[in-house]
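target.pdb follows (PDB, C-alpha atoms, pLDDT in the B column):
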ATOM      1  CA  MET V   1      12.315  14.768 -26.890  1.00 51.00           C
ATOM      2  CA  PRO V   2      12.096  11.016 -26.325  1.00 52.00           C
ATOM      3  CA  THR V   3      15.224   9.325 -25.086  1.00 54.00           C
ATOM      4  CA  SER V   4      16.217   5.882 -26.176  1.00 58.00           C
ATOM      5  CA  ARG V   5      16.907   3.388 -23.472  1.00 66.00           C
ATOM      6  CA  GLU V   6      20.383   1.969 -23.515  1.00 69.00           C
ATOM      7  CA  GLN V   7      20.522  -1.687 -24.404  1.00 71.00           C
ATOM      8  CA  PRO V   8      22.379  -3.751 -21.832  1.00 71.00           C
ATOM      9  CA  LYS V   9      25.829  -4.688 -23.016  1.00 77.00           C
ATOM     10  CA  ALA V  10      26.400  -8.319 -23.842  1.00 76.00           C
ATOM     11  CA  PRO V  11      28.882  -9.972 -21.480  1.00 86.00           C
ATOM     12  CA  PRO V  12      32.360 -10.344 -22.984  1.00 93.00           C
ATOM     13  CA  PRO V  13      33.452 -13.775 -24.218  1.00 96.00           C
ATOM     14  CA  LEU V  14      36.201 -15.992 -22.926  1.00 97.00           C
ATOM     15  CA  VAL V  15      38.994 -15.632 -25.482  1.00 98.00           C
ATOM     16  CA  VAL V  16      40.812 -18.889 -26.241  1.00 98.00           C
ATOM     17  CA  HIS V  17      44.136 -18.852 -28.083  1.00 98.00           C
ATOM     18  CA  LEU V  18      45.049 -22.223 -29.597  1.00 98.00           C
ATOM     19  CA  VAL V  19      48.654 -22.869 -30.635  1.00 98.00           C
ATOM     20  CA  ARG V  20      49.919 -26.015 -32.277  1.00 97.00           C
ATOM     21  CA  HIS V  21      53.362 -27.142 -31.124  1.00 98.00           C
ATOM     22  CA  ALA V  22      56.345 -26.191 -33.283  1.00 98.00           C
ATOM     23  CA  GLU V  23      58.057 -28.666 -35.630  1.00 97.00           C
ATOM     24  CA  ALA V  24      59.370 -31.777 -33.905  1.00 95.00           C
ATOM     25  CA  CYS V  25      61.933 -34.424 -34.788  1.00 93.00           C
ATOM     26  CA  ASP V  26      60.812 -37.803 -36.047  1.00 84.00           C
ATOM     27  CA  ASP V  27      59.541 -39.978 -33.235  1.00 74.00           C
ATOM     28  CA  ASP V  28      62.064 -42.735 -32.590  1.00 70.00           C
ATOM     29  CA  GLY V  29      59.931 -44.236 -29.838  1.00 65.00           C
ATOM     30  CA  VAL V  30      62.683 -43.817 -27.232  1.00 69.00           C
ATOM     31  CA  ASP V  31      60.982 -41.138 -25.141  1.00 74.00           C
ATOM     32  CA  ALA V  32      57.488 -41.912 -23.850  1.00 76.00           C
ATOM     33  CA  HIS V  33      56.732 -38.198 -24.076  1.00 85.00           C
ATOM     34  CA  GLY V  34      57.590 -38.048 -27.759  1.00 85.00           C
ATOM     35  CA  PRO V  35      60.242 -36.188 -29.730  1.00 90.00           C
ATOM     36  CA  ARG V  36      61.803 -32.800 -29.041  1.00 94.00           C
ATOM     37  CA  LEU V  37      61.615 -29.744 -31.273  1.00 96.00           C
ATOM     38  CA  THR V  38      63.908 -29.472 -34.275  1.00 97.00           C
ATOM     39  CA  SER V  39      66.166 -26.435 -34.659  1.00 97.00           C
ATOM     40  CA  ARG V  40      63.545 -24.996 -37.029  1.00 98.00           C
ATOM     41  CA  GLY V  41      60.877 -25.824 -34.462  1.00 98.00           C
ATOM     42  CA  ARG V  42      62.740 -23.855 -31.800  1.00 98.00           C
ATOM     43  CA  ARG V  43      62.770 -20.858 -34.125  1.00 98.00           C
ATOM     44  CA  GLN V  44      59.059 -21.268 -34.822  1.00 98.00           C
ATOM     45  CA  ALA V  45      58.422 -21.380 -31.065  1.00 98.00           C
ATOM     46  CA  HIS V  46      60.452 -18.174 -30.682  1.00 98.00           C
ATOM     47  CA  TYR V  47      58.295 -16.389 -33.249  1.00 98.00           C
ATOM     48  CA  VAL V  48      54.956 -17.445 -31.804  1.00 98.00           C
ATOM     49  CA  ALA V  49      56.236 -16.541 -28.320  1.00 98.00           C
ATOM     50  CA  LYS V  50      57.190 -13.096 -29.606  1.00 98.00           C
ATOM     51  CA  ARG V  51      53.723 -12.637 -31.119  1.00 98.00           C
ATOM     52  CA  LEU V  52      52.015 -13.534 -27.842  1.00 98.00           C
ATOM     53  CA  ALA V  53      54.457 -11.762 -25.519  1.00 97.00           C
ATOM     54  CA  ARG V  54      52.132  -8.850 -24.723  1.00 97.00           C
ATOM     55  CA  GLU V  55      48.999 -10.924 -24.153  1.00 97.00           C
ATOM     56  CA  ARG V  56      47.634 -11.159 -20.622  1.00 96.00           C
ATOM     57  CA  TYR V  57      46.564 -14.718 -19.936  1.00 97.00           C
ATOM     58  CA  ALA V  58      44.494 -15.985 -17.038  1.00 96.00           C
ATOM     59  CA  GLY V  59      45.870 -19.464 -17.724  1.00 96.00           C
ATOM     60  CA  ILE V  60      48.218 -21.326 -20.046  1.00 97.00           C
ATOM     61  CA  TYR V  61      47.508 -25.003 -20.709  1.00 98.00           C
ATOM     62  CA  SER V  62      49.899 -27.417 -22.390  1.00 97.00           C
ATOM     63  CA  SER V  63      49.947 -31.031 -23.492  1.00 96.00           C
ATOM     64  CA  ASP V  64      52.472 -33.036 -21.491  1.00 95.00           C
ATOM     65  CA  LEU V  65      54.185 -34.282 -24.669  1.00 94.00           C
ATOM     66  CA  THR V  66      57.659 -32.817 -25.088  1.00 95.00           C
ATOM     67  CA  ARG V  67      57.045 -30.944 -28.350  1.00 96.00           C
ATOM     68  CA  ALA V  68      54.099 -29.077 -26.848  1.00 97.00           C
ATOM     69  CA  ARG V  69      55.862 -28.484 -23.518  1.00 97.00           C
ATOM     70  CA  GLN V  70      58.860 -26.931 -25.255  1.00 97.00           C
ATOM     71  CA  THR V  71      56.596 -24.673 -27.308  1.00 98.00           C
ATOM     72  CA  ALA V  72      54.616 -23.650 -24.209  1.00 97.00           C
ATOM     73  CA  ASP V  73      57.833 -23.032 -22.271  1.00 96.00           C
ATOM     74  CA  ALA V  74      59.066 -20.651 -24.977  1.00 97.00           C
ATOM     75  CA  ILE V  75      55.810 -18.688 -24.738  1.00 97.00           C
ATOM     76  CA  ALA V  76      55.748 -18.794 -20.926  1.00 96.00           C
ATOM     77  CA  LEU V  77      59.112 -17.002 -20.762  1.00 95.00           C
ATOM     78  CA  HIS V  78      57.103 -13.823 -21.351  1.00 95.00           C
ATOM     79  CA  HIS V  79      54.443 -14.660 -18.738  1.00 94.00           C
ATOM     80  CA  ASP V  80      54.160 -15.746 -15.106  1.00 86.00           C
ATOM     81  CA  ASP V  81      55.369 -19.289 -14.452  1.00 76.00           C
ATOM     82  CA  ASP V  82      52.409 -20.079 -12.223  1.00 86.00           C
ATOM     83  CA  LEU V  83      50.007 -19.672 -15.150  1.00 91.00           C
ATOM     84  CA  VAL V  84      51.143 -22.901 -16.808  1.00 94.00           C
ATOM     85  CA  THR V  85      49.189 -26.135 -16.342  1.00 95.00           C
ATOM     86  CA  VAL V  86      50.601 -29.248 -18.010  1.00 96.00           C
ATOM     87  CA  THR V  87      48.065 -31.994 -18.613  1.00 95.00           C
ATOM     88  CA  ARG V  88      47.830 -35.394 -20.223  1.00 93.00           C
ATOM     89  CA  ASP V  89      44.294 -34.479 -21.302  1.00 93.00           C
ATOM     90  CA  LEU V  90      45.754 -32.356 -24.124  1.00 94.00           C
ATOM     91  CA  ARG V  91      47.721 -35.242 -25.665  1.00 90.00           C
ATOM     92  CA  GLU V  92      46.856 -36.453 -29.129  1.00 83.00           C
ATOM     93  CA  VAL V  93      46.641 -40.177 -29.687  1.00 73.00           C
ATOM     94  CA  SER V  94      47.653 -40.406 -33.322  1.00 59.00           C
ATOM     95  CA  ASP V  95      49.743 -38.553 -35.869  1.00 53.00           C
ATOM     96  CA  TYR V  96      46.615 -38.216 -38.020  1.00 47.00           C
ATOM     97  CA  HIS V  97      43.008 -39.186 -37.648  1.00 46.00           C
ATOM     98  CA  SER V  98      39.730 -38.304 -39.255  1.00 43.00           C
ATOM     99  CA  ALA V  99      37.121 -36.724 -37.019  1.00 42.00           C
ATOM    100  CA  LEU V 100      34.493 -38.504 -39.114  1.00 41.00           C
ATOM    101  CA  ARG V 101      34.944 -41.859 -37.452  1.00 43.00           C
ATOM    102  CA  LEU V 102      36.145 -43.351 -34.207  1.00 40.00           C
ATOM    103  CA  SER V 103      38.818 -46.003 -34.302  1.00 39.00           C
ATOM    104  CA  ARG V 104      41.393 -47.587 -32.042  1.00 38.00           C
ATOM    105  CA  LEU V 105      44.297 -45.561 -33.386  1.00 37.00           C
ATOM    106  CA  THR V 106      46.806 -45.102 -30.593  1.00 38.00           C
ATOM    107  CA  VAL V 107      50.181 -43.633 -29.796  1.00 42.00           C
ATOM    108  CA  HIS V 108      52.172 -45.662 -27.245  1.00 44.00           C
ATOM    109  CA  HIS V 109      49.156 -48.004 -27.347  1.00 43.00           C
ATOM    110  CA  ASP V 110      47.702 -46.591 -24.150  1.00 44.00           C
ATOM    111  CA  ARG V 111      44.827 -44.327 -25.241  1.00 50.00           C
ATOM    112  CA  SER V 112      42.118 -44.674 -27.824  1.00 66.00           C
ATOM    113  CA  LEU V 113      40.596 -41.997 -29.977  1.00 69.00           C
ATOM    114  CA  VAL V 114      37.474 -42.214 -27.818  1.00 74.00           C
ATOM    115  CA  ASP V 115      39.625 -41.435 -24.769  1.00 80.00           C
ATOM    116  CA  GLU V 116      41.065 -38.425 -26.600  1.00 81.00           C
ATOM    117  CA  GLN V 117      37.620 -37.020 -27.306  1.00 81.00           C
ATOM    118  CA  GLU V 118      36.520 -37.533 -23.702  1.00 86.00           C
ATOM    119  CA  ALA V 119      39.680 -35.782 -22.513  1.00 89.00           C
ATOM    120  CA  MET V 120      38.971 -32.817 -24.812  1.00 89.00           C
ATOM    121  CA  LYS V 121      35.433 -32.549 -23.463  1.00 90.00           C
ATOM    122  CA  ARG V 122      36.839 -32.507 -19.923  1.00 93.00           C
ATOM    123  CA  MET V 123      39.208 -29.705 -20.878  1.00 94.00           C
ATOM    124  CA  VAL V 124      36.434 -27.624 -22.464  1.00 94.00           C
ATOM    125  CA  GLY V 125      34.319 -28.158 -19.341  1.00 93.00           C
ATOM    126  CA  HIS V 126      37.267 -27.078 -17.192  1.00 94.00           C
ATOM    127  CA  PHE V 127      37.822 -23.918 -19.230  1.00 96.00           C
ATOM    128  CA  ARG V 128      34.151 -22.970 -18.915  1.00 92.00           C
ATOM    129  CA  HIS V 129      34.087 -23.709 -15.169  1.00 93.00           C
ATOM    130  CA  ILE V 130      37.359 -22.042 -14.163  1.00 94.00           C
ATOM    131  CA  HIS V 131      37.438 -19.054 -16.521  1.00 96.00           C
ATOM    132  CA  SER V 132      34.919 -16.319 -17.160  1.00 93.00           C
ATOM    133  CA  GLY V 133      34.050 -13.869 -19.886  1.00 94.00           C
ATOM    134  CA  GLY V 134      36.638 -11.171 -20.377  1.00 95.00           C
ATOM    135  CA  GLN V 135      39.511 -13.513 -19.600  1.00 97.00           C
ATOM    136  CA  LYS V 136      41.988 -14.904 -22.112  1.00 98.00           C
ATOM    137  CA  ILE V 137      43.620 -18.342 -22.018  1.00 98.00           C
ATOM    138  CA  LEU V 138      46.224 -20.123 -24.118  1.00 98.00           C
ATOM    139  CA  VAL V 139      46.120 -23.796 -25.091  1.00 98.00           C
ATOM    140  CA  VAL V 140      49.276 -25.353 -26.581  1.00 98.00           C
ATOM    141  CA  SER V 141      48.611 -28.786 -28.008  1.00 97.00           C
ATOM    142  CA  HIS V 142      48.526 -30.626 -31.332  1.00 94.00           C
ATOM    143  CA  GLY V 143      47.012 -30.266 -34.782  1.00 92.00           C
ATOM    144  CA  ASN V 144      44.335 -32.895 -34.252  1.00 87.00           C
ATOM    145  CA  LEU V 145      43.413 -31.482 -30.865  1.00 90.00           C
ATOM    146  CA  THR V 146      43.114 -27.964 -32.264  1.00 93.00           C
ATOM    147  CA  ARG V 147      40.876 -29.192 -35.089  1.00 89.00           C
ATOM    148  CA  SER V 148      38.572 -30.821 -32.566  1.00 88.00           C
ATOM    149  CA  LEU V 149      38.716 -28.196 -29.816  1.00 92.00           C
ATOM    150  CA  ILE V 150      37.497 -25.439 -32.145  1.00 93.00           C
ATOM    151  CA  PRO V 151      34.022 -26.984 -32.645  1.00 91.00           C
ATOM    152  CA  LEU V 152      33.883 -28.406 -29.105  1.00 92.00           C
ATOM    153  CA  LEU V 153      34.317 -24.916 -27.652  1.00 94.00           C
ATOM    154  CA  GLY V 154      31.063 -24.028 -29.424  1.00 92.00           C
ATOM    155  CA  GLY V 155      29.256 -27.151 -28.270  1.00 90.00           C
ATOM    156  CA  LEU V 156      29.482 -28.836 -31.677  1.00 88.00           C
ATOM    157  CA  ASP V 157      30.375 -32.401 -32.571  1.00 84.00           C
ATOM    158  CA  PRO V 158      33.885 -32.455 -34.119  1.00 80.00           C
ATOM    159  CA  ALA V 159      32.689 -35.223 -36.457  1.00 75.00           C
ATOM    160  CA  ARG V 160      30.411 -32.670 -38.142  1.00 74.00           C
ATOM    161  CA  ALA V 161      33.038 -29.933 -38.385  1.00 74.00           C
ATOM    162  CA  PRO V 162      35.256 -29.350 -41.427  1.00 76.00           C
ATOM    163  CA  LEU V 163      38.850 -30.447 -41.060  1.00 78.00           C
ATOM    164  CA  ILE V 164      41.245 -27.515 -41.415  1.00 86.00           C
ATOM    165  CA  GLU V 165      44.985 -27.393 -41.896  1.00 90.00           C
ATOM    166  CA  ILE V 166      46.858 -26.518 -38.712  1.00 94.00           C
ATOM    167  CA  HIS V 167      50.514 -25.588 -39.255  1.00 96.00           C
ATOM    168  CA  ASN V 168      53.262 -25.859 -36.671  1.00 98.00           C
ATOM    169  CA  ALA V 169      53.299 -22.907 -34.237  1.00 98.00           C
ATOM    170  CA  SER V 170      50.147 -21.469 -35.835  1.00 98.00           C
ATOM    171  CA  LEU V 171      47.622 -19.433 -33.866  1.00 98.00           C
ATOM    172  CA  SER V 172      43.851 -19.867 -33.848  1.00 98.00           C
ATOM    173  CA  ILE V 173      41.482 -17.706 -31.795  1.00 98.00           C
ATOM    174  CA  VAL V 174      37.995 -18.612 -30.580  1.00 97.00           C
ATOM    175  CA  HIS V 175      35.590 -16.408 -28.619  1.00 97.00           C
ATOM    176  CA  VAL V 176      33.418 -18.477 -26.269  1.00 96.00           C
ATOM    177  CA  TRP V 177      30.267 -17.172 -24.565  1.00 94.00           C
ATOM    178  CA  SER V 178      28.578 -18.494 -21.450  1.00 89.00           C
ATOM    179  CA  THR V 179      25.548 -19.347 -23.624  1.00 89.00           C
ATOM    180  CA  GLY V 180      27.605 -22.125 -25.200  1.00 87.00           C
ATOM    181  CA  HIS V 181      28.058 -20.309 -28.487  1.00 90.00           C
ATOM    182  CA  ALA V 182      31.467 -19.642 -29.988  1.00 94.00           C
ATOM    183  CA  VAL V 183      32.922 -17.713 -32.910  1.00 95.00           C
ATOM    184  CA  VAL V 184      36.202 -18.486 -34.666  1.00 95.00           C
ATOM    185  CA  LEU V 185      38.051 -15.204 -35.205  1.00 95.00           C
ATOM    186  CA  LEU V 186      41.263 -16.658 -36.577  1.00 96.00           C
ATOM    187  CA  ALA V 187      42.349 -20.096 -37.744  1.00 96.00           C
ATOM    188  CA  ASN V 188      45.809 -21.457 -38.564  1.00 97.00           C
ATOM    189  CA  CYS V 189      47.467 -18.021 -38.687  1.00 98.00           C
ATOM    190  CA  THR V 190      51.210 -18.141 -39.417  1.00 98.00           C
ATOM    191  CA  ALA V 191      51.717 -14.413 -40.100  1.00 98.00           C
ATOM    192  CA  HIS V 192      54.270 -14.287 -37.275  1.00 98.00           C
ATOM    193  CA  ILE V 193      56.520 -16.938 -38.861  1.00 98.00           C
ATOM    194  CA  PRO V 194      58.873 -16.166 -41.769  1.00 97.00           C
ATOM    195  CA  GLU V 195      57.609 -17.970 -44.866  1.00 97.00           C
ATOM    196  CA  ARG V 196      60.738 -20.106 -45.168  1.00 97.00           C
ATOM    197  CA  LEU V 197      60.091 -21.542 -41.698  1.00 97.00           C
ATOM    198  CA  ILE V 198      56.418 -22.496 -42.112  1.00 97.00           C
ATOM    199  CA  THR V 199      55.772 -26.236 -41.852  1.00 96.00           C
TER     200      THR V 199
END
Please rewrite the model in this file as structure tokens.
Amino acid sequence: MPTSREQPKAPPPLVVHLVRHAEACDDDGVDAHGPRLTSRGRRQAHYVAKRLARERYAGIYSSDLTRARQTADAIALHHDDDLVTVTRDLREVSDYHSALRLSRLTVHHDRSLVDEQEAMKRMVGHFRHIHSGGQKILVVSHGNLTRSLIPLLGGLDPARAPLIEIHNASLSIVHVWSTGHAVVLLANCTAHIPERLIT
């Protein structure tokens, strides 16, 4: 009886969890690192931290802006402290921008939208260089960054990708293969947050 030859298993992907920071206060311009979380934002951060508490991350990356740091810190309470890397490269440069065009929109007038896109490309390159298939990482940043990182992880131009809503403390999941391909498994999921707290 002929036997079928086993097909080699495809290597596992790098699993990237993307979390937008929880709700923040209005920016009064006093703190160069931006506003802190609101009381509702702290509760949102608690819920996303609870959802991710049992995950095993090879690395946790956070924007250095306060609202993202506080969200990442809430999540990191359930994980090893030495996993957390805080970086300016995960900052966003504007409260809103369209990925369809480049402009000189800035926050604190020190970085352009072009700089933001270059920083995101550096981060994607870092993830691919440092982490391997089968590992899982967490990225805590901003709505605009999440919208752009999703296509960039698959080697696509964010300007050609659809803009999607990204709620505070939402979770998106992307599987990234060494071939450069990526698949979005989940986008803007807020199932872990009570409906009354979704913003």
Nearby residues (all atoms listed in the file) at most 12 Å from stretch 161-168 of chain V, same-chain spacing under 2 positions excluded, as a PyMOL selection string: chain V and resi 18-24+37-38+40-45+47-48+67-68+71+96-100+140-159+170-172+186-193+195+197-199
Hits of the PyMOL selection byres ((chain V and resi 12) around 8) in this structure, as a ChimeraX atom specification: /V:10-11,13-14,133-134,177
Atomic distance atom CA of V:Asp115 - atom CA of V:Ala169, expressed in Å with one decimal: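 Calculated distance between atom CA of V:Asp115 and atom CA of V:Ala169 is 24.9 Å.
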Contacts of V:Leu90 within 9 Å, only C-alpha atoms, excl. fewer than 6 positions in-chain, as a ChimeraX atom specification: /V:61-65,116,119-120,123,139-142,145
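Residue nearest V:Pro35 within the list V:Pro8, V:Pro194, V:Arg69, V:Arg51: V:Arg69 [criterion: smallest interatomic distance, all atoms listed in the file].
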Nearest to V:Leu52 by atom-to-atom distance, counting only C-alpha atoms, from V:Lys121, V:His33, V:Lys136, V:Arg196: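 For V:Leu52, the nearest of the candidates is V:Lys136.
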Point-to-point distance from atom CA of V:Arg36 to atom CA of V:Val93, Å rounded to tenths: 16.9 Å
Pick from V:Cys25, V:Val124, V:Leu138, V:Leu185, whichever lies nearest to V:Ala72 using all atoms listed in the file: V:Leu138
